[in-house]
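Before any comments, here is the structure.
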Amino acid sequence: MDKFLIQGGHRLNGEVRISGAKNAALPLIAATILANTPITITNVPNLKDVNTLVKLIAGLGITISYDDSQVQADASTLNNQFAPYELVKTMRASILVLGPLLARYGEAKVSLPGGCAIGSRPVDQHLKALEALGASIEVENGYVHAKVDGRLKGGEVIFDMVTVGGTENILMAAVLADGITTIRNAAREPEITDLANMLVKMGALIDGIDTDTLVVTGVENLQGCEYAVVADRIETGSYLAAAAITGGCIRTTHTDPALLESVLEKFEEMGAEVTRGENWIELDMQGKRPKAVSFRTLPHPEFPTDMQAQVMAVNTIARGFSTISETIFENRFMHVPELSRMGANIQVEGNDAVVTGVEKLSAAPVMATDLRASFSLVLAALAAEGETLVDRIYHIDRGYENIEAKLQGIGAKIQRISE
Ligand code: UD1
């Protein structure tokens with residue numbers, strides 16, 4: 001298993017080119033199932049999760065290639081509706097093929113998902129929403145088996161909680177349904193807007209994009225198009241956090257400040273100077289120690305759960321104490337014991353963590369537990385005195401493109417050790 005060896009204590013400075021968003025690329029690739037003619041998706045990050053989904057799509061009989069930040073897919077050859085456990089188990093987002101397969105093929109058999117161990121993460125909302133569109137669903141032996149006679153029928157979907165994947169799945173089903181579907185309490189994450197924009201380019205009729213009520217008028221078929229994946233707001237925030245924790249100055253390019261305003265405000269509250277360009281963001285910590293900031297994770301446009309661990313890492317060396325409440329996932333503090341091994345002072349009670357900033361972290365062997373938590377350990381290692389070994393970095397490879405090259409480019413002393 002690969003590990004990172006990181007020598008901490010160096011201020012990071014320079015420019016990082018941000019990749020396309022993993023969480024947008026995955027639903028866009030799932031949406032290729034819906035088209036009758038070829039689709040080209042550009043700005044696709046080179047990541048393990050994307051590879052997994054491409055394999056899964058190829059297994060459906062779709063002609064698909066993935067090379068040089070580009071996915072080309074032709075779903076006219078679709079001839080199968082089976083998404084096996086072997087592929088789905090490593091990535092929860094595989095469930096995103098359920099809605100489009102059902103809409104296009106009338107049937108889907110998809111394994112229940114795996115993915116990061118950050119809570120129970122059921123898919124009940126996805127299934128309930130598809131049933132509201134006329135699907136009959138059975139869950140048996142670890143598989144979801146969904147069927148519909150003819151086309152799905154437009155209907156009213158009201159989610160019990162804001163779910164990103166659930167909104168994406170039902171949106172992809174509704175675009176080919178017969179009649180109008182109203183999706184209430186829809187998630188408003190930028191990745192949903194990206195999916196809706198591509199679907200519209202394919203010929204879908206969607207009103208209310210960017211709001212919590214999406215109204216979809218189903219069409220009989222959709223065509224291919226060319227579409228570029230939106231910038232990764234979480235990758236952007238993660239590298240800006242590297243400037244904050246090391247007292248450095250980093251400019252992220254090929255990104256969009258509008259995607260992560262709630263995070264940028266927290267960095268400003270820490271005392272960082274944040275400059276927003278049209279497609280870049282610069283964070284200058286000016287060698288200062290950040291001030292502790294409290295926050296609560298909530299659906300977009302509030303503070304994203306996917307940035308919780310990274311900003312917590314910055315808080316561990318900040319002046320003062322902070323309270324962090326995780327309201328999206330019930331088990332997303334697994335980085336806490338690892339950060340504590342490096343000298344962080346964090347008390348957890350239920351879904352709240354109180355972080356008392358210490359002046360310095362110290363190197364220790366640590367283990368990555370999930371995707372974003374892993375980046376928080378890398379951040380802590382970059383700030384710590386001494387050499388930190390971060391184990392199980394396959395989690396990071398699922399979601400951060402070229403991480404060590406990008407970090408080396410801004411002065412980090414990081415090395416991959418393969419065994
Ligand atoms: C997506 C993101 C993930 C991010 C999360 C929240 C992708 C590929 N992943 O995950 O990085 O952390 O949004 O912003 O885009 N829930 C249910 N029943 C359901 C669906 C969800 O109870 O049927 C719960 C989940 O357990 C969780 C909450 O709702 O507590 C939010 O989950 P959801 O928004 O669906 O997350 P994902 O789409 O899996």
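For the structure tokens, the naming scheme is as follows: chains receive sequential letters (A, B, ...) according to their order of presentation, residues are indexed from 1 within each chain, and ligands are indexed from 1 in presentation order.
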For Gly224 in chain A: contacts at 6 Å, only C-alpha atoms, fewer than 4 positions along chain excluded, given as a list in words: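 What passes the distance filter is Ala35, Thr37, Pro38, Ile39 and Met202 of chain A.
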Selection to disk with N, CA, C and O atoms, as a CSV table (one decimal), in the first residue's frame:
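What follows is the written file again09.csv:
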chain,number,residue,atom,x,y,z
A,35,ALA,N,-28.1,9.3,-23.5
A,35,ALA,CA,-28.1,9.9,-24.9
A,35,ALA,C,-28.1,8.8,-26.0
A,35,ALA,O,-27.6,7.7,-25.8
A,37,THR,N,-26.8,9.6,-29.0
A,37,THR,CA,-25.6,9.9,-29.8
A,37,THR,C,-24.4,10.2,-29.0
A,37,THR,O,-24.6,10.5,-27.8
A,38,PRO,N,-23.2,10.2,-29.5
A,38,PRO,CA,-22.0,10.3,-28.7
A,38,PRO,C,-21.9,11.6,-27.9
A,38,PRO,O,-22.3,12.7,-28.3
A,39,ILE,N,-21.3,11.5,-26.7
A,39,ILE,CA,-21.0,12.6,-25.8
A,39,ILE,C,-19.5,12.7,-25.6
A,39,ILE,O,-18.9,11.7,-25.4
A,202,MET,N,-28.2,18.5,-23.7
A,202,MET,CA,-28.5,17.3,-24.4
A,202,MET,C,-30.0,17.3,-24.9
A,202,MET,O,-30.5,16.4,-25.5
Each residue of chain A lying at most 6 Å from ligand 1 should get a row with its shortest atom-to-atom pair and the distance in Å to one decimal, counting only C-alpha atoms and all ligand atoms; could you produce that, ordered by chain and increasing number, as a tab-separated table?
residue	atom	partner	partner_atom_place_in_ligand_line	distance
A:Asn23	CA	ligand 1	15 (O)	4.1
A:Ala93	CA	ligand 1	8 (C)	4.9
A:Ser120	CA	ligand 1	26 (O)	5.7
A:Arg121	CA	ligand 1	26 (O)	3.2
A:Pro122	CA	ligand 1	18 (N)	4.5
A:Val123	CA	ligand 1	23 (O)	3.2
A:Asp124	CA	ligand 1	23 (O)	3.9
A:Gln125	CA	ligand 1	23 (O)	3.4
A:His126	CA	ligand 1	23 (O)	4.9
A:Thr163	CA	ligand 1	34 (O)	3.4
A:Val164	CA	ligand 1	34 (O)	3.7
A:Gly165	CA	ligand 1	38 (O)	3.3
A:Gly166	CA	ligand 1	35 (O)	5.6
A:Thr305	CA	ligand 1	12 (O)	5.6
A:Asp306	CA	ligand 1	12 (O)	5.0
A:Ile328	CA	ligand 1	30 (O)	4.8
A:Phe329	CA	ligand 1	30 (O)	4.3
For range 245-255 of chain A: contacts at 10 Å, only C-alpha atoms, fewer than 5 positions along chain excluded, given as a PyMOL selection string: chain A and resi 8-21+230-233+235-237+239-240+260+272-290+310-311+313-318+379-384+410
All residues 9 Å or closer to range 45-56 of chain A, only C-alpha atoms, same chain fewer than 4 positions away omitted, as a ChimeraX atom specification: /A:19-22,25-26,29-30,60,64-71,82-84,87-88,90-91,93-94,97,229,394,397-402
For Glu107 in chain A: contacts at 10 Å, only C-alpha atoms, fewer than 5 positions along chain excluded, given as number ranges by chain: A: 80-82, 98-102, 135-137, 145-150
Let me see the file: selected residues, N, CA and C atoms, as a compact mmCIF listing (two decimals), in the first residue's frame.
# COMPACT_ATOMS: atom_id res chain seq x y z
N ASN A 80 -27.14 -3.83 -21.61
CA ASN A 80 -27.09 -4.57 -20.36
C ASN A 80 -27.43 -3.61 -19.23
N GLN A 81 -28.00 -4.13 -18.13
CA GLN A 81 -28.44 -3.23 -17.06
C GLN A 81 -27.91 -3.64 -15.71
N PHE A 82 -26.74 -4.28 -15.70
CA PHE A 82 -26.23 -4.89 -14.49
C PHE A 82 -24.97 -4.18 -13.99
N LEU A 98 -28.34 4.04 -11.52
CA LEU A 98 -29.67 3.46 -11.35
C LEU A 98 -30.76 4.27 -12.08
N GLY A 99 -30.80 5.57 -11.81
CA GLY A 99 -31.84 6.42 -12.41
C GLY A 99 -31.77 6.44 -13.94
N PRO A 100 -30.59 6.76 -14.51
CA PRO A 100 -30.51 6.80 -15.97
C PRO A 100 -30.76 5.45 -16.64
N LEU A 101 -30.29 4.35 -16.02
CA LEU A 101 -30.52 3.03 -16.62
C LEU A 101 -32.01 2.71 -16.69
N LEU A 102 -32.67 3.01 -15.59
CA LEU A 102 -34.10 2.74 -15.51
C LEU A 102 -34.86 3.57 -16.55
N ALA A 135 -41.50 3.37 -10.72
CA ALA A 135 -40.62 2.20 -10.76
C ALA A 135 -41.06 1.20 -9.69
N SER A 136 -40.94 -0.10 -9.99
CA SER A 136 -41.12 -1.08 -8.92
C SER A 136 -39.72 -1.56 -8.52
N ILE A 137 -39.49 -1.57 -7.22
CA ILE A 137 -38.13 -1.81 -6.73
C ILE A 137 -38.10 -2.93 -5.71
N HIS A 145 -33.02 -4.03 -7.52
CA HIS A 145 -33.54 -4.42 -8.82
C HIS A 145 -34.74 -3.52 -9.12
N ALA A 146 -34.61 -2.66 -10.10
CA ALA A 146 -35.67 -1.70 -10.41
C ALA A 146 -36.20 -1.95 -11.81
N LYS A 147 -37.52 -1.81 -11.96
CA LYS A 147 -38.14 -2.09 -13.26
C LYS A 147 -39.26 -1.10 -13.51
N VAL A 148 -39.56 -0.86 -14.77
CA VAL A 148 -40.74 -0.07 -15.10
C VAL A 148 -41.31 -0.60 -16.42
N ASP A 149 -42.63 -0.62 -16.49
CA ASP A 149 -43.28 -1.02 -17.75
C ASP A 149 -43.35 0.21 -18.63
N GLY A 150 -42.71 0.20 -19.76
CA GLY A 150 -42.72 1.38 -20.63
C GLY A 150 -41.87 2.49 -20.03
Contact residues around range 205-209 of chain A with only C-alpha atoms at 7 Å, ignoring same-chain residues under 6 positions, as a list of chain:residue names: A:Thr193, A:Ala196, A:Val215, A:Val216, A:Thr217, A:Gly218
Which residue of A:Ala228, A:Gln223, A:Arg151, A:Leu214 approaches Leu28 in chain A most closely, using only C-alpha atoms: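 Ranked by minimum distance to Leu28 in chain A, first place goes to A:Ala228.
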Strand (DSSP E) per DSSP on the backbone: members of range 112-183 of chain A, as a list of chain:residue names: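 DSSP on the backbone gives strand (DSSP E) at A:Ser136, A:Ile137, A:Glu138, A:Val139, A:Glu140, A:Tyr143, A:Val144, A:His145, A:Ala146, A:Lys147, A:Glu156, A:Val157, A:Ile158, A:Ile180, A:Thr181, A:Thr182, A:Ile183.
CA of Phe159 in chain A is found 13.1 Å from CA of Thr181 in chain A.
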Exercise: Ile183 in chain A partners within 9 Å, only C-alpha atoms, chain neighbours under 5 positions left out, as a VMD selection string: chain A and resid 129 155 to 159 167 170 to 171 212 to 216
Between CA of Asn43 in chain A and CA of Thr63 in chain A - distance in Å to one decimal: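 Atom-to-atom, CA of Thr63 in chain A to CA of Asn43 in chain A, that is 19.4 Å.
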Interatomic distance, CA of Glu138 in chain A to CA of Ala31 in chain A (Å, one decimal):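 Pair CA of Glu138 in chain A / CA of Ala31 in chain A returns 23.1 Å.
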Which of A:Phe4, A:Tyr143, A:Tyr227, A:Tyr85 sits closest to Thr40 in chain A [using only C-alpha atoms]: A:Tyr227
DSSP-assigned alpha helix (DSSP H) members of range 137-378 of chain A, reported as an MDAnalysis selection string: chainID A and resid 164:174 190:201 233:246 261:269 308:316 335:341 371:378
